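Peer 1: First the structure, which I've put down as structure tokens, then a few questions once you've had a look.
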Amino acid sequence: MITESESLFNDLEKMNTFSLLKGINSEDQKIATAVEMAIPKIELLIEAIFQRMLKGGRLFYIGAGTSGRLGILDASECPPTFGVDHGLVNGIIAGGDGAIRRAVEFAEDDQNQAWKDLKHHDVNNLDSIIGIAASGKTPYVEGGLKMAGLHGCITGAIVCNLNSSVANAASFPIEVIVGPEFITGSTRMKSGTAQKLILNMISTTLMIKLGHIKGNLMIDMQLSNDKLMDRGSEMVKNLTDLNFKEALELLKKFGSVRKAMEAWEKIKK
């Protein structure tokens, strides 16, 4: 497997700090190019998921280890960023929530467990399941995708090896080939970064298409602290002829940038 191939660097323990950083950075620069090559496949997956979401479907990420944590990270950021329900985008990791912080031994080796985990969420044929596995051979992910496909779900995969069993189990596989890791086999590095970039692209594009962005502004973001209240007030100010204080008062009254803007439009009429 490419992800297990030997690093292009050796004697790392003999290198000074600057040389280590230069080496890591030189490898990281290859990631964006690899992701760019995968854009046509990413587009196909997004379009398929979007059509299901318009009908009420949800998105689930399944993965183990670093891959599972990346899915949880992306899913957890959707509600505060886009104001969507917590159940719209979901991250599931092999071994359960305890595996977010500590590795659960052999959790990824059970082909049946992912589907059991998905069934707790009453997954149906409007939902979409994306398996994340750098190696492309994680049994937990492969089994989950196979069962999801049999139940009519959209299935996608993000892997970093060619012709893998996980990719073959998905209707919309994304193979992003970043090459050997700086530390041989340490897929939390280049592979993980590539996966994170693609997850950003998938969730952000879906949320834009679902109408949660106006112009380039997060008009549905949750106003959960003073910094975000200030950001929201600046949005309202820039989209109206109100000053900052007036925009803040309007935002406090209606609770979101979208609702404040809708109220302002009614006032103008």
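Ligands are numbered from 1 in the order shown, chains are lettered A, B, ... in the order of the structure tokens, and residues start at 1 in each chain.
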Residues within 7 Å of Pro173 (chain A), please, as a list in words. Count only C-alpha atoms; anything in the same chain fewer than 4 positions from it doesn't count.

Peer 2: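 Here the qualifying residues turn out to be Gly156, Ala157, Ile158 and Ala167 of chain A.
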
Peer 1: Considering only C-alpha atoms, return as a list in words whatever protein or nucleic-acid residues lie within 12 Å of Thr205 (chain A), sequence-local ones (same chain, fewer than 3 positions apart) excluded.

Peer 2: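 Here the qualifying residues turn out to be Ile42, Glu43, Leu45, Ile46, Glu47, Ile49, Phe50, Cys78, Phe82, Ile198, Leu199, Asn200, Met201, Ile202, Ile208, Lys209, Leu210, Gly211, His212, Ile213 and Asn216 of chain A.
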
Peer 1: I'd like to know which of A:Ile154, A:Ala170, A:Ile62, A:Leu162 is closest to Leu118 (chain A), using only C-alpha atoms.

Peer 2: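 The answer is A:Ile62, which sits nearest to Leu118 (chain A).
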
Peer 1: Could you write out, as number ranges by chain, all the residues of region 14-122 of chain A that DSSP marks as alpha helix (DSSP H)?

Peer 2: A: 17-28, 31-37, 39-53, 65-82, 113-119

Peer 1: So which residues of region 61-136 of chain A fall under strand (DSSP E or B) by DSSP, listed as a compact mmCIF listing (two decimals) with N, CA and C atoms, in the first residue's frame?

Peer 2:
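For reference, selection-v4.txt as written:
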```txt
# COMPACT_ATOMS: atom_id res chain seq x y z
N TYR A 61 -20.64 10.14 8.77
CA TYR A 61 -19.26 9.74 8.54
C TYR A 61 -18.97 8.54 9.44
N ILE A 62 -18.32 7.51 8.93
CA ILE A 62 -17.88 6.41 9.77
C ILE A 62 -16.39 6.19 9.55
N GLY A 63 -15.68 5.91 10.63
CA GLY A 63 -14.25 5.70 10.53
C GLY A 63 -13.68 5.19 11.83
N VAL A 89 -25.64 16.22 10.23
CA VAL A 89 -24.33 15.67 9.89
C VAL A 89 -23.78 14.99 11.14
N ASN A 90 -23.42 13.71 11.02
CA ASN A 90 -23.06 12.91 12.18
C ASN A 90 -21.73 12.20 11.96
N GLY A 91 -20.94 12.12 13.02
CA GLY A 91 -19.69 11.37 12.97
C GLY A 91 -19.75 10.18 13.91
N ILE A 92 -19.40 9.01 13.41
CA ILE A 92 -19.41 7.79 14.21
C ILE A 92 -18.02 7.16 14.14
N ILE A 93 -17.46 6.81 15.30
CA ILE A 93 -16.12 6.25 15.36
C ILE A 93 -16.17 4.83 15.92
N SER A 128 -27.01 9.38 3.67
CA SER A 128 -25.76 9.14 2.96
C SER A 128 -24.67 8.79 3.96
N ILE A 129 -23.86 7.80 3.61
CA ILE A 129 -22.82 7.31 4.51
C ILE A 129 -21.47 7.45 3.81
N ILE A 130 -20.53 8.15 4.44
CA ILE A 130 -19.18 8.28 3.90
C ILE A 130 -18.22 7.55 4.83
N GLY A 131 -17.53 6.56 4.30
CA GLY A 131 -16.51 5.85 5.06
C GLY A 131 -15.16 6.52 4.88
N ILE A 132 -14.46 6.75 5.98
CA ILE A 132 -13.16 7.41 5.95
C ILE A 132 -12.12 6.41 6.43
N ALA A 133 -11.15 6.08 5.57
CA ALA A 133 -10.13 5.10 5.93
C ALA A 133 -8.90 5.31 5.08
```

Peer 1: Per residue of region 22-110 of chain A within 9 Å of region 190-197 of chain A, note the shortest atom pair and the distance in Å to one decimal, counting only C-alpha atoms, and order the rows by chain and increasing residue number, as JSON lines.

Peer 2:
```
{"residue": "A:Glu27", "atom": "CA", "partner": "A:Lys190", "partner_atom": "CA", "distance": 7.5}
{"residue": "A:Asp28", "atom": "CA", "partner": "A:Lys190", "partner_atom": "CA", "distance": 6.2}
{"residue": "A:Lys30", "atom": "CA", "partner": "A:Lys190", "partner_atom": "CA", "distance": 8.6}
{"residue": "A:Ile31", "atom": "CA", "partner": "A:Ala194", "partner_atom": "CA", "distance": 6.0}
{"residue": "A:Ala32", "atom": "CA", "partner": "A:Ala194", "partner_atom": "CA", "distance": 7.4}
{"residue": "A:Ala34", "atom": "CA", "partner": "A:Ala194", "partner_atom": "CA", "distance": 8.0}
{"residue": "A:Val35", "atom": "CA", "partner": "A:Ala194", "partner_atom": "CA", "distance": 6.5}
{"residue": "A:Thr66", "atom": "CA", "partner": "A:Gly192", "partner_atom": "CA", "distance": 7.0}
{"residue": "A:Ser67", "atom": "CA", "partner": "A:Gly192", "partner_atom": "CA", "distance": 6.8}
{"residue": "A:Leu70", "atom": "CA", "partner": "A:Lys196", "partner_atom": "CA", "distance": 6.4}
{"residue": "A:Gly71", "atom": "CA", "partner": "A:Lys196", "partner_atom": "CA", "distance": 8.2}
{"residue": "A:Asp74", "atom": "CA", "partner": "A:Lys196", "partner_atom": "CA", "distance": 7.9}
```

Peer 1: Would you please work out which residue, of A:Cys160, A:His120, A:Asp230, A:Pro139, is nearest to Glu4 (chain A) when using only C-alpha atoms?

Peer 2: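 Among the listed residues, the smallest separation from Glu4 (chain A) belongs to A:Cys160.
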
Peer 1: Near Val84 (chain A), counting only C-alpha atoms, which residues have an atom at most 10 Å away, once you skip same-chain residues fewer than 2 positions from it, shown as an MDAnalysis selection string?

Peer 2: chainID A and resid 77:82 86:89 207 212 220:222

Peer 1: Rounded to one decimal in Å, what is the spacing between CA of Met15 (chain A) and CA of Thr184 (chain A)?

Peer 2: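 According to the coordinates, CA of Met15 (chain A) and CA of Thr184 (chain A) are separated by 15.9 Å.
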
Peer 1: Which one of A:Phe182, A:Tyr140, A:Trp115, A:Phe9 sits closest to Ala64 (chain A) if you count only C-alpha atoms?

Peer 2: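 Looking at the shortest contact to Ala64 (chain A), the residue is A:Tyr140.
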